[in-house]
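Read through the structure below, which is laid out as structure tokens, and then see the notes.
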Amino acid sequence: MRGTQVFAAALALGVILGSSLPAETPISSKTDPPLLKVVAGLSYYTGETNGDVLVWTAGALKGDLTAELFNGEKKLASVDHLDAGRVTALPIALKDLPMGESALLCRLLVDGQDKATAPVKITRLPPKPNEVKIDYRSGGLIVDGLPMFPFGFYCYSPVAAHLPDSEIINGFRHMSPYQPNDTNTFEARQAYMDRCAAAGMKVNYHLLGVAGGGGVMSQDGSESEGKWLAFEAEVKAFRDHPALLTWYIADEPEGRNTDPAVLQRIYDRLKRLDPYHPITMCITAREPARQYAGSMDIPMVDQYPVPRGPVTWIAVKAEELSDEFRNEKPTWMIPQSFGGSEIWTREPTAQEIRLMAHLAVLNGSKGVQYFVRAGPNCCPKSPLTWAECSRAALETAELTPCLLSHEPRPVVSCNPRSVQAGAWQSRGLVAIIAANTENTPRSISIRIEKPVDGAADVLFEDRKVQVKAGLIEDLIPGYGVNIYQLRIADAPPDRAQLLPGNLMLDPSFEDLMSNLIPAHCWASIPTGGTCFLDPRDAVHGRHSIRFTCPAPDRPVNLSFYPIDVQGGAAYSVSVYGRSLKPGVKFVLSFGSAGQREFELTTEWNKYSFSGTNTESRVSVGLTVKSPGVAWFDLCQVVKQ
């Protein structure tokens, strides 16, 4: 594989170990879980008024379970009648806690008698731009105030100038370049981070060259004063950068016998310098992950089975890691997107590469980061193969509200057993992923515990399947993935209403036929700009449109499907909008009726104007003309 010298050590050590299990290897046995686990709802709190503590009790416990939360002698919260084996949230008023870190104690009582205690820390910090939080209830991240399911890739250094721009449009949310951290290449790092920020791409930022934890591009494992000074300088240079998502401090440290105490010191120093971003690390298996647990917020595990073993190795590794850190830390999977060298005779096929991502999700992973991307056609070499990675990225983006929901997951079963299935629900919508682990088409039967009837949408396929008493029957291709969305209840009320007589086609952007790209419009999107449907925030329905404008001279424009109007009549055109940061300017236009320029705020507001058209067929236009991120929803045209 071209360029393997920069990561050959990683492949030769931990990766080989992680990829050589026999197909029938069972999940390794574990020690009995503790009776009580407690974790803060968020990794830290900033502007929130209320928070919560998540309490989990062992499923084997019997009797009436009560949890009480104390700050010293003061009881902050309590909850009775806990369900054993389930997570329960104890709400707390953050005003009762000081800024900084508070050490609390949770006490478990069974039938009124003390049974176990567990400490928990709540951290309050001043709000800060570009803060990234872990939502421990969902396992996802909170970025720019919205839930994020990280989906990205490793890549080489120096970062190709086109890479952020070309991959953000493929649906990838973050990248992670192997890079030196020396002063000679600082400007190159600054340049790619700036490009990422302009395009909306986030970065899992490698500190291996100064972290001392070992790994690709790591210089040595020393802890000299000079090394610590370089470490501090690197962190301070990028800790407030808008592209920063997470820090990456070690790459398979168990393969180099890195002392966990060394990584613990790195972690502690990094947290003191930047408590606002999570810290990640790649390991090869559950056991070393536990060994280094204290020095990472997000464990990542790699698994590269193709062609030496079944793709289900991905499922085994993902489930092992998820089980090890359940109700403690979110876990990410590193699937294979390379081959043709060393011990891998070929790359995964397009079907295998998408399947591995969804098997990771089905088995507990809360993020995906492929190894490795070298565009446009090096790793993987086939554009068709990488297109399936893109497809999985877009699918998880659409599924984010369900995958990161706080609602209880529905129980599903699937026949045949070679097809793995799982379900999630959010705001009256259930999403089901079915993944065929055999390279043979199958007839499948999926049963959801809810006895619902109706029709389920097959995501991005413009087709429906009937649901009878909770049963879905369908066909699935070999190594295929089917994704269903089924309404089981009405969504909460909309924040804005559709006007009588509205003429716009798909005014709140609910058509998903084009893989999260707005369907009924003509687009003019410059290099580095994007325009995606976003299911995470809307004033009407379940989607808004998210624009990213990279520069003042590169506006992003959509011209919506023309509508028939009466020439000489007056019409009102309106749209709701908001921006990530205040001051983003946009233009709303309506043919000869004219156009108006508006300036967005961070809150949803309605923007409108009226005018008379001389034409009989007119398009509404939306143009974001200043750099930044903006959301729009419920675009309407009404005759006055």
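In the structure tokens, the first chain shown is A, the next is B, and so on; residue numbers restart at 1 for each chain, and ligands run from 1 in the order shown.
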- Message: Run DSSP on the backbone and tell me which residues of segment 428-476 of chain A come out as strand (DSSP E); list them as an MDAnalysis selection string.
- Response: chainID A and resid 429:436 442:448 454:458 463:468 471:476
For the contact check between segment 363-455 of chain A and segment 328-349 of chain A, emit one row per residue of segment 363-455 of chain A within 6 Å, containing the shortest atom pair and the distance in Å rounded to one decimal, counting only C-alpha atoms, chain then rising number order, as a Markdown table.
```
| residue | atom | partner | partner_atom | distance |
| --- | --- | --- | --- | --- |
| A:Ser365 | CA | A:Trp332 | CA | 5.0 |
| A:Lys366 | CA | A:Trp332 | CA | 5.5 |
| A:Gly367 | CA | A:Trp332 | CA | 4.4 |
| A:Val368 | CA | A:Met333 | CA | 5.0 |
| A:Gln369 | CA | A:Ile334 | CA | 5.0 |
| A:Tyr370 | CA | A:Pro335 | CA | 5.1 |
| A:Phe371 | CA | A:Gln336 | CA | 5.5 |
| A:Val372 | CA | A:Ser337 | CA | 5.8 |
| A:Cys379 | CA | A:Phe338 | CA | 5.4 |
| A:Pro380 | CA | A:Phe338 | CA | 5.3 |
```
- Item | Selection near Asp114 of chain A, 10 Å with only C-alpha atoms, sequence-local residues under 4 positions removed, as a VMD selection string | chain A and resid 66 to 67 107 to 110
Write the residues of the selection above to a file with C-alpha atoms, as an mmCIF file, in the first residue's frame.
```cif
data_model
loop_
_atom_site.group_PDB
_atom_site.id
_atom_site.type_symbol
_atom_site.label_atom_id
_atom_site.label_comp_id
_atom_site.auth_asym_id
_atom_site.auth_seq_id
_atom_site.Cartn_x
_atom_site.Cartn_y
_atom_site.Cartn_z
ATOM 1 C CA THR A 66 -33.378 3.654 45.886
ATOM 2 C CA ALA A 67 -30.541 5.974 44.857
ATOM 3 C CA ARG A 107 -25.691 5.728 47.749
ATOM 4 C CA LEU A 108 -27.732 2.674 46.722
ATOM 5 C CA LEU A 109 -30.279 1.226 49.112
ATOM 6 C CA VAL A 110 -32.062 -2.093 48.671
#
```
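On the backbone of this structure, DSSP gives helix (DSSP H, G or I) within segment 117-186 of chain A to Leu163, Pro164, Asp165, Ser166, Glu167, Ile168, Thr183, Asn184, Thr185 and Phe186 of chain A.
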- Item | Counting only C-alpha atoms, the residue of A:Asp111, A:Glu449, A:Glu187, A:Asp240 that sits nearest Pro129 of chain A | A:Asp240
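The shell of residues at most 7 Å from segment 164-177 of chain A, with only C-alpha atoms counted and near chain neighbours (fewer than 6 positions) removed, consists of Pro150, Phe151, Gly152, Phe153, Tyr154, Cys155, Tyr156, Ser157, Arg195, Cys196, Ala199, Met201, Lys202, Val203, Asn204, Tyr205, His206, Ser390, Ala393, Leu394, Thr527, Gly528 and Thr530 of chain A.
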- Considering only C-alpha atoms, return as an MDAnalysis selection string whatever protein or nucleic-acid residues lie within 8 Å of Val465 of chain A, sequence-local ones (same chain, fewer than 5 positions apart) excluded. chainID A and resid 455:458 472:474
So that I have them on file, write out the residues from the current selection with C-alpha atoms, as a PDB file, in the first residue's frame.
```
ATOM      1  CA  ALA A 455     -45.713   1.615   6.332  1.00  0.00           C
ATOM      2  CA  ALA A 456     -42.005   2.032   6.985  1.00  0.00           C
ATOM      3  CA  ASP A 457     -39.777   4.132   4.746  1.00  0.00           C
ATOM      4  CA  VAL A 458     -36.640   2.426   3.447  1.00  0.00           C
ATOM      5  CA  ILE A 472     -41.543  -6.183   8.621  1.00  0.00           C
ATOM      6  CA  GLU A 473     -40.868  -8.644   5.800  1.00  0.00           C
ATOM      7  CA  ASP A 474     -38.409  -7.673   3.099  1.00  0.00           C
TER       8      ASP A 474
END
```
For the contact check between segment 207-301 of chain A and segment 311-321 of chain A, emit one row per residue of segment 207-301 of chain A within 9 Å, containing the shortest atom pair and the distance in Å rounded to one decimal, counting only C-alpha atoms, chain then rising number order, as a tab-separated table.
```
residue	atom	partner	partner_atom	distance
A:Thr284	CA	A:Lys317	CA	8.6
A:Ala285	CA	A:Lys317	CA	7.1
A:Arg286	CA	A:Leu321	CA	5.4
A:Ala289	CA	A:Leu321	CA	7.9
A:Pro299	CA	A:Leu321	CA	8.0
A:Met300	CA	A:Leu321	CA	8.4
A:Val301	CA	A:Lys317	CA	7.3
```
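By only C-alpha atoms, and with residues fewer than 4 positions from Arg596 of chain A along its chain excluded, the set lying at most 10 Å from it is Phe586, Val587, Leu588, Ser589, Phe590, Tyr607, Ser608, Phe609 and Ser610 of chain A.
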- Find the residues near Leu36 of chain A: any atom within 9 Å, counting only C-alpha atoms, skip ones fewer than 5 places away on the same chain, and give them as a list in words. Val55, Trp56, Thr57, Ala58, Cys106, Arg107, Leu108, Ala116, Thr117 and Ala118 of chain A
For the residues in that selection, give me C-alpha atoms as a tab-separated table (two decimals), in the first residue's frame.
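Wrote part31.tsv, looks like this:
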```
chain	number	residue	atom	x	y	z
A	55	VAL	CA	-27.28	5.81	37.85
A	56	TRP	CA	-26.97	2.21	36.74
A	57	THR	CA	-27.56	-0.78	39.00
A	58	ALA	CA	-26.64	-4.41	38.32
A	106	CYS	CA	-24.26	8.24	45.28
A	107	ARG	CA	-25.69	5.73	47.75
A	108	LEU	CA	-27.73	2.67	46.72
A	116	ALA	CA	-23.31	0.16	47.69
A	117	THR	CA	-21.83	3.59	47.12
A	118	ALA	CA	-20.11	5.16	44.13
```
- Message: Measuring between only C-alpha atoms, which one of A:Thr396, A:Thr437, A:Asn184, A:Thr614 shows the shortest distance to Met356 of chain A?
- Response: A:Thr437
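Considering the residues A:Arg427, A:Arg373, A:Lys468, A:His543 and counting only C-alpha atoms, Tyr178 of chain A has its shortest atom-to-atom contact with A:Arg373.
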